[in-house]
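One file, work.txt, carrying compact mmCIF, C-alpha atoms and all ligand atoms:
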# COMPACT_ATOMS: atom_id res chain seq x y z
CA MET A 1 185.98 137.02 117.84
CA LYS A 2 186.48 133.27 117.39
CA ASP A 3 183.70 130.86 118.43
CA SER A 4 185.94 129.52 121.22
CA SER A 5 186.45 133.03 122.67
CA VAL A 6 182.68 133.68 122.66
CA ALA A 7 182.20 130.35 124.45
CA ALA A 8 184.87 131.37 126.99
CA LEU A 9 183.13 134.71 127.53
CA LEU A 10 179.90 132.81 128.23
CA GLN A 11 181.62 130.60 130.78
CA SER A 12 182.81 133.70 132.65
CA GLU A 13 179.31 135.26 132.67
CA LYS A 14 178.03 135.22 136.27
CA ASN A 15 174.30 135.62 135.49
CA PRO A 16 172.90 132.12 134.72
CA ALA A 17 169.96 133.48 132.69
CA LEU A 18 172.35 135.38 130.42
CA ARG A 19 174.59 132.33 130.14
CA ARG A 20 171.62 130.22 129.05
CA ILE A 21 170.56 132.81 126.43
CA GLY A 22 174.13 132.96 125.17
CA GLU A 23 174.21 129.17 124.79
CA LYS A 24 170.98 129.32 122.77
CA VAL A 25 172.46 131.94 120.46
CA LEU A 26 175.60 129.87 119.90
CA ALA A 27 173.40 126.84 119.13
CA GLY A 28 171.37 128.90 116.62
CA GLU A 29 168.17 128.72 118.70
CA ARG A 30 165.55 131.47 118.76
CA ILE A 31 165.29 133.73 121.83
CA LEU A 32 161.96 134.29 123.54
CA PRO A 33 160.44 137.73 124.27
CA GLU A 34 161.24 137.47 128.00
CA GLU A 35 164.84 136.60 127.13
CA GLY A 36 165.04 139.69 124.93
CA ILE A 37 164.08 141.78 127.95
CA ILE A 38 166.72 140.06 130.10
CA LEU A 39 169.32 140.95 127.47
CA PHE A 40 168.30 144.63 127.49
CA GLU A 41 168.14 144.83 131.29
CA ASN A 42 171.15 142.78 132.32
CA GLY A 43 173.43 142.23 129.34
CA SER A 44 176.74 144.07 129.59
CA LEU A 45 178.02 145.79 126.48
CA PRO A 46 180.93 143.32 125.96
CA PHE A 47 178.59 140.35 126.41
CA LEU A 48 175.97 141.65 123.96
CA GLY A 49 178.60 142.82 121.50
CA ALA A 50 180.38 139.46 121.42
CA LEU A 51 177.17 137.52 120.85
CA ALA A 52 175.80 139.91 118.23
CA ASN A 53 179.14 139.88 116.44
CA PHE A 54 179.12 136.08 116.49
CA VAL A 55 175.75 136.11 114.67
CA ARG A 56 176.85 138.84 112.27
CA GLU A 57 180.01 137.00 111.32
CA LYS A 58 178.17 133.69 111.01
CA LEU A 59 175.81 135.33 108.50
CA HIS A 60 178.10 137.71 106.66
CA GLY A 61 181.70 137.31 107.82
CA ASP A 62 183.36 140.72 107.57
CA LYS A 63 181.23 141.91 104.67
CA THR A 64 179.71 145.33 105.22
CA TYR A 65 177.26 146.41 102.60
CA PHE A 66 176.50 149.84 101.25
CA ASN A 67 174.39 151.03 98.39
CA ARG A 68 174.56 153.98 96.00
CA ASN A 69 171.24 155.72 96.20
CA PHE A 70 169.63 159.11 96.22
CA HIS A 71 166.50 160.43 97.87
CA ILE A 72 163.48 162.28 96.60
CA GLU A 73 161.31 163.93 99.22
CA PRO A 74 158.21 165.04 97.29
CA THR A 75 156.86 167.23 100.10
CA ASN A 76 157.15 167.91 103.81
CA ILE A 77 153.55 169.06 104.06
CA CYS A 78 151.73 166.51 106.15
CA VAL A 79 148.22 165.93 107.43
CA PHE A 80 149.65 164.20 110.49
CA SER A 81 151.53 165.71 113.38
CA CYS A 82 153.76 163.06 114.89
CA LYS A 83 155.33 164.52 118.00
CA PHE A 84 158.87 163.41 117.14
CA CYS A 85 158.81 164.87 113.65
CA SER A 86 160.96 167.97 113.04
CA TYR A 87 160.44 167.87 109.33
CA SER A 88 156.78 168.16 108.49
CA ARG A 89 154.61 171.26 108.20
CA LEU A 90 150.84 171.13 108.50
CA TYR A 91 148.85 171.95 105.36
CA ALA A 92 147.60 175.11 107.14
CA HIS A 93 151.24 176.31 107.25
CA ARG A 94 152.13 175.08 103.78
CA GLU A 95 153.96 178.28 102.87
CA GLU A 96 156.70 177.13 105.29
CA GLY A 97 157.04 173.76 103.57
CA TRP A 98 157.90 172.48 100.09
CA GLU A 99 156.02 170.57 97.45
CA LEU A 100 157.83 169.37 94.34
CA THR A 101 156.17 169.04 90.95
CA THR A 102 156.60 165.87 88.89
CA GLU A 103 158.99 167.78 86.62
CA GLN A 104 161.13 168.90 89.58
CA MET A 105 161.34 165.31 90.82
CA LEU A 106 162.29 164.09 87.35
CA ASP A 107 165.00 166.76 87.29
CA ILE A 108 166.46 165.15 90.43
CA VAL A 109 166.44 161.77 88.65
CA ARG A 110 168.08 163.30 85.55
CA LYS A 111 170.82 164.80 87.73
CA TYR A 112 172.05 161.22 88.23
CA ASP A 113 172.13 160.33 84.53
CA GLY A 114 175.37 158.49 83.79
CA LYS A 115 176.15 158.08 87.49
CA PRO A 116 176.33 154.56 88.90
CA VAL A 117 173.44 154.85 91.38
CA THR A 118 171.19 151.81 91.65
CA GLU A 119 168.30 153.04 93.80
CA VAL A 120 166.03 155.99 94.40
CA HIS A 121 164.35 156.22 97.81
CA ILE A 122 161.11 158.24 97.68
CA VAL A 123 159.57 159.25 100.98
CA GLY A 124 157.88 162.34 102.36
CA GLY A 125 154.99 163.86 104.24
CA VAL A 126 151.35 162.96 103.62
CA HIS A 127 150.10 165.80 101.46
CA PRO A 128 146.29 165.97 101.37
CA LYS A 129 146.19 166.86 97.66
CA LEU A 130 148.66 164.32 96.25
CA THR A 131 146.85 161.26 94.94
CA LEU A 132 147.54 157.62 94.13
CA GLU A 133 147.35 158.53 90.44
CA PHE A 134 149.90 161.35 90.89
CA PHE A 135 152.42 158.96 92.41
CA ALA A 136 151.69 156.16 89.90
CA GLU A 137 152.40 158.63 87.09
CA LEU A 138 155.65 159.70 88.79
CA LEU A 139 156.76 156.06 89.04
CA ARG A 140 155.95 155.43 85.35
CA LYS A 141 157.92 158.51 84.29
CA ILE A 142 160.96 157.57 86.40
CA LYS A 143 160.92 154.04 84.93
CA ALA A 144 160.50 155.39 81.38
CA HIS A 145 163.57 157.58 81.91
CA ARG A 146 165.74 155.02 83.70
CA PRO A 147 164.27 151.48 83.69
CA ASP A 148 167.18 149.93 85.61
CA LEU A 149 166.78 152.23 88.63
CA HIS A 150 165.23 150.38 91.58
CA ILE A 151 162.42 152.44 93.10
CA LYS A 152 162.07 151.98 96.84
CA GLY A 153 159.28 154.20 97.97
CA PHE A 154 156.47 155.21 100.30
CA THR A 155 155.78 154.17 103.87
CA PRO A 156 152.47 152.53 104.89
CA VAL A 157 151.56 155.94 106.33
CA GLU A 158 151.63 157.49 102.85
CA LEU A 159 150.19 154.38 101.18
CA ASP A 160 147.30 153.96 103.63
CA TYR A 161 146.27 157.58 103.04
CA MET A 162 146.59 157.29 99.24
CA PHE A 163 144.57 154.07 99.11
CA ARG A 164 141.81 155.33 101.39
CA LYS A 165 141.45 158.53 99.38
CA ALA A 166 141.36 156.59 96.11
CA LYS A 167 138.86 154.15 97.69
CA VAL A 168 140.87 151.08 96.74
CA SER A 169 141.81 148.10 98.88
CA VAL A 170 145.40 147.59 100.04
CA GLU A 171 145.71 144.71 97.56
CA GLU A 172 144.43 146.82 94.63
CA GLY A 173 146.53 149.84 95.56
CA MET A 174 149.76 147.90 96.03
CA LYS A 175 149.27 145.99 92.77
CA TYR A 176 148.60 149.25 90.94
CA LEU A 177 151.76 150.94 92.24
CA HIS A 178 153.85 147.81 91.67
CA GLU A 179 152.70 147.71 88.04
CA ALA A 180 153.49 151.42 87.71
CA GLY A 181 157.10 150.76 88.76
CA LEU A 182 157.32 150.53 92.55
CA ASP A 183 159.90 147.83 93.29
CA SER A 184 160.10 147.74 97.08
CA LEU A 185 159.07 149.47 100.29
CA PRO A 186 161.34 151.31 102.72
CA GLY A 187 161.02 150.68 106.46
CA GLY A 188 159.58 153.97 107.70
CA GLY A 189 156.39 154.77 109.59
CA ALA A 190 156.68 151.82 111.97
CA GLU A 191 157.84 153.87 115.02
CA ILE A 192 156.69 151.73 117.98
CA PHE A 193 153.76 149.43 117.30
CA ALA A 194 152.36 149.15 120.85
CA PRO A 195 149.13 151.23 120.92
CA GLU A 196 149.86 152.81 124.34
CA ILE A 197 153.02 154.40 122.88
CA ARG A 198 151.67 155.05 119.38
CA GLU A 199 148.76 157.00 120.89
CA GLN A 200 151.19 159.34 122.59
CA ILE A 201 153.67 159.96 119.77
CA CYS A 202 151.76 159.52 116.49
CA ALA A 203 148.12 158.93 117.39
CA ASP A 204 146.45 159.61 114.09
CA LYS A 205 148.47 157.71 111.53
CA VAL A 206 148.20 154.08 110.38
CA ASP A 207 148.31 151.60 113.28
CA ALA A 208 150.43 148.48 113.70
CA ALA A 209 147.92 146.17 111.98
CA GLY A 210 147.65 148.56 109.01
CA TRP A 211 151.46 148.89 108.71
CA LEU A 212 151.98 145.14 108.84
CA LYS A 213 149.14 144.44 106.39
CA ILE A 214 150.68 146.74 103.76
CA HIS A 215 154.09 145.07 104.06
CA GLN A 216 152.50 141.62 104.01
CA THR A 217 150.59 142.52 100.84
CA ALA A 218 153.78 143.83 99.20
CA HIS A 219 155.57 140.58 100.10
CA GLU A 220 152.71 138.54 98.65
CA LEU A 221 153.15 140.44 95.39
CA GLY A 222 156.80 139.39 95.38
CA MET A 223 158.15 142.75 96.57
CA HIS A 224 160.72 143.11 99.33
CA SER A 225 160.78 145.65 102.11
CA ASN A 226 162.57 146.94 105.20
CA ALA A 227 161.35 147.64 108.71
CA THR A 228 162.37 150.34 111.17
CA MET A 229 161.83 151.01 114.86
CA LEU A 230 162.08 154.47 116.41
CA TYR A 231 163.72 153.89 119.80
CA GLY A 232 165.08 155.92 122.69
CA HIS A 233 162.13 158.14 123.71
CA ILE A 234 159.20 157.18 125.96
CA GLU A 235 159.10 153.46 125.17
CA GLN A 236 160.15 150.69 127.57
CA TYR A 237 162.28 147.68 126.65
CA SER A 238 159.07 145.61 126.57
CA HIS A 239 157.72 147.84 123.78
CA ARG A 240 160.88 147.34 121.73
CA ILE A 241 160.60 143.57 122.13
CA ASP A 242 156.90 143.65 121.26
CA HIS A 243 157.74 145.65 118.11
CA MET A 244 160.46 143.24 117.05
CA GLU A 245 158.26 140.24 117.88
CA ARG A 246 155.50 141.45 115.52
CA LEU A 247 158.02 141.91 112.71
CA ARG A 248 159.70 138.57 113.36
CA SER A 249 156.30 136.81 113.22
CA LEU A 250 155.39 138.41 109.90
CA GLN A 251 158.80 137.52 108.53
CA ASP A 252 158.19 133.88 109.52
CA LYS A 253 155.10 133.98 107.30
CA THR A 254 156.36 135.88 104.27
CA GLY A 255 160.17 136.06 104.29
CA GLY A 256 159.85 139.39 102.45
CA PHE A 257 161.86 141.66 104.77
CA ASN A 258 165.47 142.33 103.89
CA THR A 259 166.66 144.63 106.62
CA PHE A 260 165.85 145.83 110.10
CA ILE A 261 166.83 149.42 110.87
CA PRO A 262 166.66 150.72 114.46
CA LEU A 263 166.33 154.53 114.27
CA LYS A 264 167.65 156.55 117.20
CA PHE A 265 165.23 159.28 118.29
CA ARG A 266 166.77 162.74 117.74
CA ASN A 267 165.31 165.55 119.77
CA LYS A 268 165.94 168.86 118.01
CA ASP A 269 163.00 171.10 117.06
CA ASN A 270 160.13 168.76 117.73
CA GLU A 271 157.43 168.34 120.36
CA MET A 272 159.52 165.75 122.19
CA SER A 273 162.59 167.97 122.55
CA HIS A 274 162.40 167.72 126.33
CA ILE A 275 163.23 164.01 126.14
CA PRO A 276 166.99 163.37 126.34
CA GLU A 277 168.55 161.31 123.55
CA SER A 278 169.80 157.81 124.29
CA SER A 279 173.49 157.32 125.17
CA ILE A 280 175.91 155.62 122.79
CA VAL A 281 176.02 152.62 125.15
CA GLU A 282 172.25 152.33 124.90
CA ASP A 283 172.47 152.63 121.10
CA MET A 284 175.00 149.82 120.83
CA LYS A 285 172.88 147.63 123.13
CA MET A 286 169.90 148.30 120.87
CA TYR A 287 171.75 147.14 117.77
CA ALA A 288 173.16 144.06 119.49
CA VAL A 289 169.78 142.93 120.88
CA ALA A 290 168.19 143.58 117.48
CA ARG A 291 170.76 141.30 115.82
CA LEU A 292 170.09 138.58 118.41
CA TYR A 293 166.30 138.87 118.36
CA MET A 294 165.65 139.31 114.63
CA ASP A 295 167.03 135.90 113.71
CA ASN A 296 165.06 135.69 110.45
CA PHE A 297 166.08 139.13 109.15
CA PRO A 298 169.12 138.69 106.96
CA HIS A 299 170.46 142.22 107.45
CA LEU A 300 170.78 144.84 110.20
CA LYS A 301 171.36 148.42 109.07
CA ALA A 302 172.69 151.51 110.81
CA TYR A 303 171.48 154.66 109.11
CA TRP A 304 174.56 156.87 109.40
CA PRO A 305 172.99 160.29 108.65
CA MET A 306 171.04 159.90 111.87
CA LEU A 307 173.54 158.10 114.10
CA GLY A 308 176.60 160.02 112.95
CA ARG A 309 179.51 158.50 111.04
CA ASN A 310 181.62 157.46 114.02
CA ASN A 311 178.79 155.80 115.88
CA ALA A 312 177.67 154.02 112.71
CA GLN A 313 181.23 152.72 112.41
CA LEU A 314 181.02 151.42 115.99
CA THR A 315 177.78 149.51 115.26
CA LEU A 316 179.79 147.27 112.90
CA SER A 317 181.02 145.52 116.08
CA PHE A 318 177.49 145.22 117.48
CA GLY A 319 175.72 143.18 114.82
CA VAL A 320 175.36 145.68 111.97
CA ASN A 321 176.38 144.56 108.46
CA ASP A 322 175.00 147.45 106.39
CA ILE A 323 175.57 151.19 106.66
CA ASP A 324 173.20 152.39 104.00
CA GLY A 325 174.42 154.36 101.06
CA THR A 326 176.20 157.35 99.74
CA ILE A 327 173.10 159.41 100.42
CA ASP A 328 172.99 162.74 98.70
CA ASP A 329 172.39 166.05 100.39
CA SER A 330 168.65 166.33 99.79
CA THR A 331 167.84 164.18 102.84
CA LYS A 332 166.34 166.55 105.36
CA ILE A 333 164.53 164.40 107.90
CA TYR A 334 167.56 163.91 110.15
CA SER A 335 169.43 167.15 109.75
CA MET A 336 166.18 168.86 110.77
CA ALA A 337 165.87 166.61 113.85
CA GLY A 338 169.33 167.43 115.17
CA SER A 339 171.72 164.99 113.56
CA GLU A 340 175.28 166.32 113.65
CA GLU A 341 175.51 165.34 110.00
CA GLN A 342 174.93 168.81 108.57
CA THR A 343 175.78 167.74 105.04
CA PRO A 344 174.55 164.18 104.92
CA ALA A 345 176.51 163.13 101.87
CA MET A 346 179.42 160.76 101.83
CA SER A 347 181.49 159.79 98.81
CA THR A 348 182.12 156.12 98.14
CA ALA A 349 185.79 156.63 99.04
CA GLN A 350 184.79 158.05 102.44
CA LEU A 351 182.33 155.24 103.11
CA VAL A 352 184.84 152.57 102.06
CA SER A 353 187.52 154.13 104.24
CA LEU A 354 185.14 154.20 107.24
CA ILE A 355 184.47 150.47 106.82
CA LYS A 356 188.12 149.58 106.24
CA GLN A 357 189.26 151.49 109.34
CA VAL A 358 187.47 148.91 111.49
CA LYS A 359 188.85 146.00 109.45
CA ARG A 360 185.65 145.08 107.71
CA LYS A 361 185.17 144.33 104.02
CA PRO A 362 183.22 147.01 102.08
CA VAL A 363 180.90 145.57 99.46
CA GLU A 364 178.61 147.61 97.25
CA ARG A 365 175.18 146.02 96.87
CA ASP A 366 171.95 146.76 95.09
CA THR A 367 168.63 147.11 96.95
CA LEU A 368 168.10 143.34 97.02
CA TYR A 369 171.66 142.70 98.26
CA LYS A 370 173.04 141.44 94.97
CA GLU A 371 176.76 142.17 95.27
CA ILE A 372 177.97 144.75 92.78
CA ARG A 373 181.61 145.27 93.77
CA ASP A 374 183.99 144.18 96.49
CA TYR A 375 185.97 147.28 97.49
CA SER A 376 188.28 145.56 99.96
CA THR A 377 191.15 145.23 97.50
CA ILE A 378 190.67 148.50 95.60
CA ASP A 379 193.06 151.27 96.56
CA LEU A 380 191.37 154.37 98.07
CA LYS A 381 193.29 156.68 95.67
CA GLU A 382 191.90 154.78 92.68
CA ILE A 383 188.37 155.09 94.08
CA GLU A 384 188.81 158.85 94.52
CA VAL A 385 189.89 159.48 90.94
CA ASN A 386 187.64 157.00 89.09
CA PRO A 387 184.11 158.46 88.67
CA LEU A 388 182.70 154.98 88.15
CA LEU A 389 184.02 153.89 91.52
CA ASN A 390 183.47 157.03 93.58
O1 LIG B 401 159.32 156.71 110.10
C1 LIG B 401 161.29 160.94 112.06
C2 LIG B 401 161.98 158.55 111.54
C3 LIG B 401 161.54 157.56 109.57
C4 LIG B 401 162.69 161.40 113.64
O2 LIG B 401 164.12 151.54 104.52
C5 LIG B 401 162.98 160.13 113.16
O3 LIG B 401 166.14 151.80 103.82
C6 LIG B 401 164.69 159.94 114.65
O4 LIG B 401 162.25 155.07 107.60
N1 LIG B 401 164.46 161.15 115.19
C7 LIG B 401 161.66 157.73 108.06
N2 LIG B 401 163.98 159.41 113.66
C8 LIG B 401 163.04 157.29 107.54
C9 LIG B 401 163.14 155.81 107.28
C10 LIG B 401 164.30 155.22 106.59
C11 LIG B 401 165.51 155.87 106.60
C12 LIG B 401 166.59 155.29 105.94
C13 LIG B 401 166.49 154.12 105.27
C14 LIG B 401 165.27 153.47 105.24
C15 LIG B 401 165.16 152.19 104.48
C16 LIG B 401 164.17 154.01 105.91
O5 LIG B 401 162.33 158.56 110.18
C17 LIG B 401 160.19 157.79 110.19
C18 LIG B 401 160.57 158.01 111.64
O6 LIG B 401 160.65 156.79 112.32
N3 LIG B 401 162.09 159.87 112.19
N4 LIG B 401 161.66 161.89 112.93
C19 LIG B 401 163.47 161.91 114.72
N5 LIG B 401 163.23 163.11 115.27
FE1 LIG B 402 154.05 163.30 108.70
FE2 LIG B 402 155.84 161.30 108.63
FE3 LIG B 402 156.39 163.56 110.01
FE4 LIG B 402 154.53 161.86 110.90
S1 LIG B 402 156.75 161.40 110.68
S2 LIG B 402 154.33 164.12 110.76
S3 LIG B 402 153.63 161.10 109.02
S4 LIG B 402 156.13 163.41 107.80
Would you give me this structure, written as structure tokens?
Ligand code: V47
Ligand code: SF4
Amino acid sequence: MKDSSVAALLQSEKNPALRRIGEKVLAGERILPEEGIILFENGSLPFLGALANFVREKLHGDKTYFNRNFHIEPTNICVFSCKFCSYSRLYAHREEGWELTTEQMLDIVRKYDGKPVTEVHIVGGVHPKLTLEFFAELLRKIKAHRPDLHIKGFTPVELDYMFRKAKVSVEEGMKYLHEAGLDSLPGGGAEIFAPEIREQICADKVDAAGWLKIHQTAHELGMHSNATMLYGHIEQYSHRIDHMERLRSLQDKTGGFNTFIPLKFRNKDNEMSHIPESSIVEDMKMYAVARLYMDNFPHLKAYWPMLGRNNAQLTLSFGVNDIDGTIDDSTKIYSMAGSEEQTPAMSTAQLVSLIKQVKRKPVERDTLYKEIRDYSTIDLKEIEVNPLLN
């Protein structure tokens, strides 16, 4: 939408508070927490979409990034029992879970030898017997095998547990893992920071201050990271704004976050199954408000294995400029929580076609958003037959 059509849409907006917020967005001014709540409560979908798209296009034009990565999930055995989690098994029931050896994880890495992946994402449950040293050794071995592979791994939930068990400070632990090969941190474990919600859905794991401290420490070591928010369950709009406000403030200090990733709560096979999932309208509002509120986050990502391909495609009109990667089929966290994506793998040709269908420009990136290849002018047939492209 052209700037003049967004301005015209603002003029036709009857609610003066929304009009004022819209004018601030067009002028590049920051929105306040109370204005974020007004957007959630009163913003219509076309209004939010037009504004979020204005910001998205100002930052990135039509570019829509994706990344070629694969996942390693070392274990789903976990000392915690977050109520929304469909994936973990308590240590007492470990025979129902899995636990990979270092060799098995290296086999996964070797499976990608010669393939043009740029990133491995390592994340799993918090196993009581797996130590800081175990993971440092894994990182060293992955780097020895494939030095160019970017390792994005471990949430503050896993890191906090590892560091406490090893009796090291956050600074010492992060420096140790960074030196062993950890390049950046994924966004998981954030859920909802507000203690009154955290107590009800994931009482025993690292709190907001602990999560933020670990990311801040990583940023101070020169590492980058992402941040997520699990939305659409028992939280109120005020909790979402509070969550985004804490992240925005840390980003003002460090500038180390790359991407914000709202994660839609899925309700299959967990202790929160009685809570209905959010509607698609609510999902699109969430992405649009996130784009407007998180003005110092360069990127907004929709994680398609959880949202579904079609809805992820829709988010590209509501502020999103990244739809994650060609994730391989070992990702279990969402298929176990009820995502319709039974085989969460998508070839590059499929991903490119999804982006092109909505007239955006597919660009492959690495973890730090260095552009690898612009796919907008490459024919889909060529992508399908060329193993270096697909
Ligand atoms: O922290 C768990 C979420 C997260 C459910 O940084 C659920 O690039 C919805 O953070 N419904 C882990 N969500 C995954 C994650 C992630 C994913 C993709 C990319 C990146 C990145 C990070 O998964 C957990 C939790 O918030 N989660 N259960 C559920 N039932
Ligand atoms: Fe464990 Fe993570 Fe599941 Fe919580 S969300 S139970 S920390 S695997």
Select the residues contacting ligand LIG 402 (chain B) at a distance of at most 10 Å, based on all atoms listed in the file, then format the selection as JSON, numbers by chain. {"A": [75, 76, 77, 78, 79, 80, 81, 82, 83, 84, 85, 86, 87, 88, 89, 90, 123, 124, 125, 126, 127, 155, 156, 157, 158, 188, 189, 190, 191, 201, 202, 203, 204, 205, 206, 333]}
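If you look at CA of Lys58 (chain A) and CA of Pro186 (chain A), they are 25.7 Å away from each other.
The spacing separating atom C8 of ligand LIG 401 (chain B) from CA of Ile192 (chain A) amounts to 13.4 Å.
Those residues that approach Lys264 (chain A) to within 9 Å, counting all atoms listed in the file, are Met229, Leu230, Tyr231, Gly232, His233, Glu277, Ser278, Asp283, Met306 and Leu307 of chain A; same-chain residues fewer than 6 positions away are not listed.
The spacing separating CA of Met346 (chain A) from CA of Thr326 (chain A) amounts to 5.1 Å.
Closest approach to ligand LIG 401 (chain B) from the set A:Pro298, A:Pro262, A:Gly187, A:Pro195 is made by A:Gly187, with distances taken over only C-alpha atoms and all ligand atoms.
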Of the candidates A:Glu133, A:Glu382, A:Glu57, A:Glu13, which shows the shortest atom-to-atom distance to Arg291 (chain A), using only C-alpha atoms? A:Glu57
Per residue of region 90-184 of chain A within 8 Å of region 355-370 of chain A, record the nearest atom pair and its distance in Å to one decimal, counting only C-alpha atoms, with rows in chain order and ascending residue number, as a Markdown table.
| residue | atom | partner | partner_atom | distance |
| --- | --- | --- | --- | --- |
| A:Thr118 | CA | A:Asp366 | CA | 6.2 |
| A:Glu119 | CA | A:Thr367 | CA | 6.7 |
| A:His150 | CA | A:Thr367 | CA | 7.1 |
Give as a PyMOL selection string the set of residues within 8 Å of the point (177.8, 140.9, 106.4), where distances use the file's coordinates and all atoms listed in the file. chain A and resi 56-57+59-65+299+320-322
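Taking only C-alpha atoms, the non-local environment of region 240-247 of chain A within 8 Å (same-chain residues fewer than 6 positions away omitted) comprises Pro33, Gly36, Ile37, Ile192, Phe193, Ala194, Leu212, Ala227, Met229, Tyr231, Ala290, Tyr293 and Met294 of chain A.
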Write the residues of the preceding selection, restricted to C-alpha atoms, as an mmCIF file, in the frame of the given file.
data_model
loop_
_atom_site.group_PDB
_atom_site.id
_atom_site.type_symbol
_atom_site.label_atom_id
_atom_site.label_comp_id
_atom_site.auth_asym_id
_atom_site.auth_seq_id
_atom_site.Cartn_x
_atom_site.Cartn_y
_atom_site.Cartn_z
ATOM 1 C CA PRO A 33 160.440 137.730 124.270
ATOM 2 C CA GLY A 36 165.040 139.690 124.930
ATOM 3 C CA ILE A 37 164.080 141.780 127.950
ATOM 4 C CA ILE A 192 156.690 151.730 117.980
ATOM 5 C CA PHE A 193 153.760 149.430 117.300
ATOM 6 C CA ALA A 194 152.360 149.150 120.850
ATOM 7 C CA LEU A 212 151.980 145.140 108.840
ATOM 8 C CA ALA A 227 161.350 147.640 108.710
ATOM 9 C CA MET A 229 161.830 151.010 114.860
ATOM 10 C CA TYR A 231 163.720 153.890 119.800
ATOM 11 C CA ALA A 290 168.190 143.580 117.480
ATOM 12 C CA TYR A 293 166.300 138.870 118.360
ATOM 13 C CA MET A 294 165.650 139.310 114.630
#
Return the single residue from A:Gly114, A:Phe260, A:Thr102, A:Ala166 that is closest to Pro128 (chain A), with distances computed using all atoms listed in the file. A:Ala166
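Using all atoms listed in the file, the shortest contact distance between Val281 (chain A) and any of A:Thr315, A:Asp160, A:Lys268, A:Leu351 is found at A:Thr315.
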Using only C-alpha atoms and all ligand atoms, pick whichever of A:Phe54, A:Tyr176, A:Phe66, A:Tyr303 has the shortest atom-to-atom distance to ligand LIG 401 (chain B). A:Tyr303
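Minimum atom-to-atom distances from A:Trp98, A:Phe70, A:Tyr287, A:Phe134 to ligand LIG 401 (chain B) were compared using all atoms listed in the file, and the lowest value belongs to A:Phe70.
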Would you mind putting N, CA, C and O atoms back on region 149-159 of chain A and writing the result as an mmCIF file, keeping the file's coordinate frame?
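After the write, rebuild-v6.cif holds the following:
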data_model
loop_
_atom_site.group_PDB
_atom_site.id
_atom_site.type_symbol
_atom_site.label_atom_id
_atom_site.label_comp_id
_atom_site.auth_asym_id
_atom_site.auth_seq_id
_atom_site.Cartn_x
_atom_site.Cartn_y
_atom_site.Cartn_z
ATOM 1 N N LEU A 149 166.713 151.657 87.282
ATOM 2 C CA LEU A 149 166.780 152.230 88.630
ATOM 3 C C LEU A 149 165.735 151.562 89.528
ATOM 4 O O LEU A 149 164.549 151.545 89.190
ATOM 5 N N HIS A 150 166.171 151.041 90.655
ATOM 6 C CA HIS A 150 165.230 150.380 91.580
ATOM 7 C C HIS A 150 164.509 151.477 92.370
ATOM 8 O O HIS A 150 165.143 152.324 93.005
ATOM 9 N N ILE A 151 163.181 151.425 92.349
ATOM 10 C CA ILE A 151 162.420 152.440 93.100
ATOM 11 C C ILE A 151 161.932 151.839 94.405
ATOM 12 O O ILE A 151 161.107 150.927 94.424
ATOM 13 N N LYS A 152 162.507 152.378 95.499
ATOM 14 C CA LYS A 152 162.070 151.980 96.840
ATOM 15 C C LYS A 152 161.294 153.173 97.370
ATOM 16 O O LYS A 152 161.850 154.259 97.508
ATOM 17 N N GLY A 153 159.995 152.988 97.599
ATOM 18 C CA GLY A 153 159.280 154.200 97.970
ATOM 19 C C GLY A 153 158.053 153.994 98.819
ATOM 20 O O GLY A 153 157.443 152.922 98.833
ATOM 21 N N PHE A 154 157.729 155.029 99.550
ATOM 22 C CA PHE A 154 156.470 155.210 100.300
ATOM 23 C C PHE A 154 156.358 154.305 101.530
ATOM 24 O O PHE A 154 156.501 153.097 101.440
ATOM 25 N N THR A 155 156.031 154.940 102.639
ATOM 26 C CA THR A 155 155.780 154.170 103.870
ATOM 27 C C THR A 155 154.289 153.820 103.909
ATOM 28 O O THR A 155 153.468 154.458 103.225
ATOM 29 N N PRO A 156 153.897 152.852 104.746
ATOM 30 C CA PRO A 156 152.470 152.530 104.890
ATOM 31 C C PRO A 156 151.648 153.742 105.329
ATOM 32 O O PRO A 156 150.437 153.767 105.110
ATOM 33 N N VAL A 157 152.294 154.724 105.931
ATOM 34 C CA VAL A 157 151.560 155.940 106.330
ATOM 35 C C VAL A 157 151.090 156.667 105.068
ATOM 36 O O VAL A 157 149.906 157.036 104.939
ATOM 37 N N GLU A 158 152.003 156.840 104.117
ATOM 38 C CA GLU A 158 151.630 157.490 102.850
ATOM 39 C C GLU A 158 150.679 156.599 102.054
ATOM 40 O O GLU A 158 149.689 157.077 101.483
ATOM 41 N N LEU A 159 150.977 155.302 102.010
ATOM 42 C CA LEU A 159 150.190 154.380 101.180
ATOM 43 C C LEU A 159 148.764 154.246 101.705
ATOM 44 O O LEU A 159 147.796 154.301 100.936
#
